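Structure file work-v3.csv with CSV, C-alpha atoms:
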```
chain,number,residue,atom,x,y,z
S,26,MET,CA,78.2,82.7,-27.0
S,27,SER,CA,77.0,82.8,-23.4
S,28,ASP,CA,78.5,81.8,-20.1
S,29,GLU,CA,76.5,78.6,-20.3
S,30,GLN,CA,77.9,77.7,-23.7
S,31,PHE,CA,81.5,78.3,-22.7
S,32,MET,CA,80.9,76.3,-19.5
S,33,LYS,CA,79.4,73.5,-21.6
S,34,GLU,CA,82.7,73.4,-23.6
S,35,ALA,CA,84.8,73.2,-20.4
S,36,ILE,CA,82.6,70.3,-19.2
S,37,ARG,CA,82.8,68.6,-22.6
S,38,LEU,CA,86.6,68.8,-22.5
S,39,ALA,CA,86.5,67.3,-19.0
S,40,ILE,CA,84.4,64.3,-20.1
S,41,GLU,CA,86.4,63.8,-23.2
S,42,GLY,CA,89.6,63.8,-21.2
S,43,VAL,CA,88.3,61.1,-18.8
S,44,ALA,CA,87.2,58.9,-21.8
S,45,ALA,CA,90.7,59.3,-23.3
S,46,GLY,CA,92.5,58.5,-20.1
S,47,PHE,CA,94.3,61.8,-20.0
S,48,GLY,CA,93.8,62.4,-16.3
S,49,GLY,CA,91.2,63.7,-13.8
S,50,PRO,CA,87.7,64.9,-14.8
S,51,PHE,CA,88.6,68.6,-15.4
S,52,GLY,CA,88.3,70.9,-18.4
S,53,ALA,CA,88.8,74.6,-18.9
S,54,VAL,CA,88.5,77.2,-21.7
S,55,ILE,CA,89.7,80.8,-21.8
S,56,VAL,CA,87.6,83.3,-23.6
S,57,ARG,CA,88.5,86.8,-24.9
S,58,ASP,CA,86.0,89.0,-26.7
S,59,GLY,CA,83.6,86.1,-27.1
S,60,GLU,CA,86.1,83.8,-28.7
S,61,ILE,CA,87.8,80.7,-27.1
S,62,ILE,CA,91.5,81.4,-27.2
S,63,GLY,CA,92.6,78.6,-24.9
S,64,ARG,CA,91.5,75.0,-24.1
S,65,GLY,CA,92.7,72.6,-21.5
S,66,GLN,CA,92.0,69.2,-20.2
S,67,ASN,CA,93.7,67.6,-17.2
S,68,ARG,CA,96.7,65.8,-18.8
S,69,VAL,CA,98.5,64.7,-15.6
S,70,LEU,CA,98.5,61.0,-16.5
S,71,VAL,CA,99.2,61.2,-20.2
S,72,SER,CA,102.1,63.7,-19.8
S,73,ASN,CA,103.4,62.5,-16.4
S,74,ASP,CA,103.3,66.1,-15.3
S,75,PRO,CA,101.6,66.9,-12.0
S,76,THR,CA,101.2,70.5,-13.1
S,77,ALA,CA,99.2,69.6,-16.2
S,78,HIS,CA,95.8,70.5,-14.7
S,79,ALA,CA,93.2,71.8,-17.1
S,80,GLU,CA,93.5,75.4,-16.1
S,81,VAL,CA,97.3,75.4,-16.4
S,82,VAL,CA,97.1,73.7,-19.8
S,83,ALA,CA,94.5,76.3,-20.9
S,84,ILE,CA,96.6,79.2,-19.6
S,85,ARG,CA,99.6,77.9,-21.6
S,86,ASP,CA,97.5,77.5,-24.7
S,87,ALA,CA,95.9,81.0,-24.5
S,88,CYS,CA,99.1,82.8,-23.6
S,89,GLN,CA,100.9,81.1,-26.5
S,90,ARG,CA,98.1,82.2,-28.9
S,91,LEU,CA,98.1,85.8,-27.5
S,92,GLY,CA,101.9,86.0,-27.5
S,93,HIS,CA,101.7,87.4,-23.9
S,94,PHE,CA,102.0,86.1,-20.4
S,95,GLN,CA,98.9,87.7,-19.0
S,96,LEU,CA,95.2,87.2,-19.7
S,97,ASP,CA,93.9,90.7,-19.3
S,98,GLY,CA,90.2,90.9,-20.4
S,99,CYS,CA,89.8,87.2,-20.5
S,100,VAL,CA,87.3,84.9,-18.7
S,101,VAL,CA,88.3,81.5,-17.5
S,102,TYR,CA,85.6,78.8,-17.5
S,103,ALA,CA,86.6,75.7,-15.5
S,104,SER,CA,84.5,72.6,-15.0
S,105,SER,CA,85.5,72.5,-11.3
S,106,GLU,CA,86.7,75.1,-8.8
S,107,PRO,CA,90.4,75.6,-9.4
S,108,CYS,CA,92.8,73.9,-7.0
S,109,PRO,CA,95.3,76.0,-5.0
S,110,MET,CA,98.0,75.6,-7.8
S,111,CYS,CA,95.6,76.5,-10.6
S,112,LEU,CA,94.2,79.4,-8.6
S,113,GLY,CA,97.7,80.7,-8.0
S,114,ALA,CA,98.5,80.4,-11.7
S,115,LEU,CA,95.3,82.2,-12.6
S,116,TYR,CA,96.0,85.0,-10.3
S,117,TRP,CA,99.5,85.4,-11.9
S,118,ALA,CA,97.8,85.4,-15.3
S,119,ARG,CA,95.3,88.1,-14.2
S,120,PRO,CA,92.1,87.2,-16.1
S,121,GLY,CA,89.2,89.5,-15.6
S,122,ARG,CA,86.9,86.7,-14.3
S,123,ILE,CA,86.8,83.0,-13.3
S,124,VAL,CA,83.7,80.9,-13.6
S,125,PHE,CA,83.5,77.3,-12.3
S,126,GLY,CA,81.1,74.4,-12.3
S,127,CYS,CA,81.7,71.8,-9.5
S,128,GLY,CA,82.9,73.1,-6.1
S,129,ARG,CA,85.9,71.9,-4.1
S,130,GLU,CA,83.5,69.8,-2.0
S,131,ASP,CA,82.3,68.0,-5.1
S,132,ALA,CA,85.9,67.2,-6.1
S,133,ALA,CA,86.7,66.0,-2.6
S,134,ARG,CA,83.8,63.5,-2.8
S,135,ILE,CA,85.6,61.8,-5.7
S,136,ASN,CA,89.0,61.9,-4.0
S,137,PHE,CA,90.3,65.1,-5.5
S,138,ASP,CA,90.6,66.8,-2.1
S,139,ASP,CA,92.7,69.9,-1.8
S,140,ALA,CA,91.8,70.8,1.8
S,141,PHE,CA,95.2,69.5,3.0
S,142,ILE,CA,97.0,71.9,0.7
S,143,TYR,CA,94.8,74.9,1.7
S,144,ARG,CA,95.7,74.1,5.4
S,145,GLU,CA,99.4,73.7,4.6
S,146,LEU,CA,99.5,77.2,3.0
S,147,GLY,CA,98.6,78.7,6.3
S,148,HIS,CA,101.5,77.1,8.1
S,149,HIS,CA,105.0,78.6,8.4
S,150,HIS,CA,107.4,76.7,6.0
S,151,SER,CA,109.1,75.0,9.0
S,152,GLN,CA,105.8,73.4,10.1
S,153,ARG,CA,104.6,72.0,6.8
S,154,HIS,CA,104.1,68.3,6.1
S,155,ILE,CA,106.9,68.2,3.5
S,156,PRO,CA,110.1,69.2,5.4
S,157,THR,CA,111.1,72.6,4.1
S,158,GLN,CA,114.0,74.7,5.1
S,159,GLN,CA,115.5,78.0,4.1
S,160,MET,CA,119.3,78.3,3.3
S,161,MET,CA,121.8,80.5,1.5
S,162,ARG,CA,119.5,83.5,1.7
S,163,GLU,CA,122.3,86.1,1.3
S,164,GLU,CA,123.6,84.3,-1.9
S,165,ALA,CA,120.0,83.9,-3.3
S,166,LEU,CA,119.4,87.6,-2.7
S,167,GLN,CA,122.0,88.3,-5.5
S,168,ALA,CA,119.4,87.2,-8.1
S,169,PHE,CA,116.9,89.6,-6.6
S,170,GLN,CA,119.5,92.4,-6.7
S,171,ALA,CA,120.2,91.6,-10.4
S,172,TRP,CA,116.5,92.1,-11.1
S,173,VAL,CA,116.4,95.4,-9.2
S,174,ASP,CA,119.5,96.6,-11.2
S,175,LYS,CA,118.2,95.5,-14.6
S,176,GLU,CA,117.1,98.6,-16.4
S,177,ASP,CA,115.3,97.0,-19.3
S,178,LYS,CA,113.2,94.5,-17.4
S,179,ALA,CA,109.6,93.7,-18.3
S,180,ARG,CA,107.4,94.6,-15.4
S,181,TYR,CA,104.7,92.1,-14.5
```
What would you get if you wrote out this structure as structure tokens?
Amino acid sequence: MSDEQFMKEAIRLAIEGVAAGFGGPFGAVIVRDGEIIGRGQNRVLVSNDPTAHAEVVAIRDACQRLGHFQLDGCVVYASSEPCPMCLGALYWARPGRIVFGCGREDAARINFDDAFIYRELGHHHSQRHIPTQQMMREEALQAFQAWVDKEDKARY
């Protein structure tokens, strides 16, 4: 299959999800060695989960099938440019490539505007729209030290 065929599947999933009332108009597929190993539709409304974006659902599906938490050698096809959350998740999953259809400007035109989040990420935590504070740093560092001391940890 070609890039166009995989993108058509991501778009088909987006349209199907809208018709079913699952959530926003977003679909994604993850491909490895020419085979779809993960599929996702935006499922925010049906699951009451604000993180159930198409890309995150597809990542979970693909990683479950692979039995691994990374997507080395995979290509992600998303019907729309990944939002900041999905982009972060994709970077953690480490696919080889990301291909998208609609751009963030297209999404903003139908009231899926992430510009505010992109701006917030540039601010220090003390100056963000949602009040955010740091506390108990020294105590929290104990978890980091436990990780440092763990000899049999899986590096990722």
Exercise: Glu29 in chain S partners within 10 Å, all atoms listed in the file, chain neighbours under 5 positions left out, as a PyMOL selection string: chain S and resi 34-35+102
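Here the question is which of S:Arg162, S:Cys99, S:Leu38, S:Pro109 gets nearest to Glu145 in chain S using only C-alpha atoms, and that residue is S:Pro109.
With distances taken over all atoms listed in the file, S:Gln95 is the one residue among S:Gln95, S:Met26, S:Thr76, S:Ala53 lying closest to Arg180 in chain S.
Proximity to Phe94 in chain S at 12 Å, evaluated using all atoms listed in the file and with sequence-adjacent residues fewer than 2 positions away removed, yields Ile84, Arg85, Asp86, Ala87, Cys88, Gln89, Arg90, Leu91, Gly92, Leu96, Asp97, Ala114, Leu115, Tyr116, Trp117, Ala118, Arg119, Pro120, Ala179, Arg180 and Tyr181 of chain S.
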Residue with smallest distance to Ser104 in chain S - pool S:Arg144, S:Arg122, S:Arg129, S:Lys175, counting all atoms listed in the file: S:Arg129
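Comparing S:Ala77, S:Val69, S:Val173, S:Cys108 by their smallest distance to Phe141 in chain S, the closest is S:Cys108 (using only C-alpha atoms).
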Selected residue of minimal separation from Val71 in chain S among S:Met160, S:Val43, S:Ala103, S:Val56, counting all atoms listed in the file: S:Val43
Contacts of Cys127 in chain S at 9 Å (all atoms listed in the file; same-chain gap of 3+ positions) as a short mmCIF file (atom, residue, chain, number, x, y, z; two decimals) with C-alpha atoms, in the coordinates of the input:
```
data_model
loop_
_atom_site.label_atom_id
_atom_site.label_comp_id
_atom_site.auth_asym_id
_atom_site.auth_seq_id
_atom_site.Cartn_x
_atom_site.Cartn_y
_atom_site.Cartn_z
CA ALA S 103 86.60 75.70 -15.50
CA SER S 104 84.50 72.60 -15.00
CA SER S 105 85.50 72.50 -11.30
CA GLU S 106 86.70 75.10 -8.80
CA GLU S 130 83.50 69.80 -2.00
CA ASP S 131 82.30 68.00 -5.10
CA ALA S 132 85.90 67.20 -6.10
#
```
Close residues, Phe51 in chain S itself excluded, 6 Å, all atoms listed in the file, min 6 positions apart in chain, as number ranges by chain: S: 39, 66-67, 79, 104
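Proximity ranking of S:Ala168, S:Ala44, S:Val100, S:Ala83 relative to Gly59 in chain S places S:Val100 first, based on only C-alpha atoms.
The gap separating CA of Ile40 in chain S from CA of Phe137 in chain S is 15.8 Å, in Å to one decimal.
Note that CA of Ile155 in chain S and CA of Asp74 in chain S are 19.3 Å apart.
Interatomic distance, CA of Gln159 in chain S to CA of Ile142 in chain S: 19.8 Å.
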Using the partial input, fill out range 110-121 of chain S with N, CA, C and O atoms; write the result as a tab-separated table (two decimals), in the frame of the given file.
```
chain	number	residue	atom	x	y	z
S	110	MET	N	96.97	75.31	-6.74
S	110	MET	CA	98.00	75.60	-7.80
S	110	MET	C	97.41	76.34	-8.92
S	110	MET	O	97.98	77.34	-9.39
S	111	CYS	N	96.26	75.88	-9.41
S	111	CYS	CA	95.60	76.50	-10.60
S	111	CYS	C	95.14	77.94	-10.20
S	111	CYS	O	95.27	78.86	-11.01
S	112	LEU	N	94.62	78.09	-9.00
S	112	LEU	CA	94.20	79.40	-8.60
S	112	LEU	C	95.37	80.38	-8.54
S	112	LEU	O	95.27	81.51	-9.02
S	113	GLY	N	96.50	79.91	-8.03
S	113	GLY	CA	97.70	80.70	-8.00
S	113	GLY	C	98.13	81.10	-9.45
S	113	GLY	O	98.46	82.25	-9.73
S	114	ALA	N	98.11	80.11	-10.35
S	114	ALA	CA	98.50	80.40	-11.70
S	114	ALA	C	97.52	81.38	-12.38
S	114	ALA	O	97.94	82.28	-13.12
S	115	LEU	N	96.24	81.24	-12.06
S	115	LEU	CA	95.30	82.20	-12.60
S	115	LEU	C	95.47	83.58	-12.09
S	115	LEU	O	95.37	84.55	-12.83
S	116	TYR	N	95.77	83.70	-10.81
S	116	TYR	CA	96.00	85.00	-10.30
S	116	TYR	C	97.24	85.66	-10.94
S	116	TYR	O	97.25	86.86	-11.22
S	117	TRP	N	98.29	84.85	-11.21
S	117	TRP	CA	99.50	85.40	-11.90
S	117	TRP	C	99.12	85.80	-13.32
S	117	TRP	O	99.66	86.77	-13.86
S	118	ALA	N	98.21	85.07	-13.96
S	118	ALA	CA	97.80	85.40	-15.30
S	118	ALA	C	96.87	86.56	-15.44
S	118	ALA	O	96.72	87.16	-16.50
S	119	ARG	N	96.20	86.88	-14.35
S	119	ARG	CA	95.30	88.10	-14.20
S	119	ARG	C	94.16	88.12	-15.22
S	119	ARG	O	93.96	89.14	-15.89
S	120	PRO	N	93.34	87.07	-15.28
S	120	PRO	CA	92.10	87.20	-16.10
S	120	PRO	C	91.14	88.15	-15.42
S	120	PRO	O	91.28	88.46	-14.23
S	121	GLY	N	90.15	88.56	-16.19
S	121	GLY	CA	89.20	89.50	-15.60
S	121	GLY	C	88.14	88.77	-14.75
S	121	GLY	O	87.55	89.38	-13.86
```
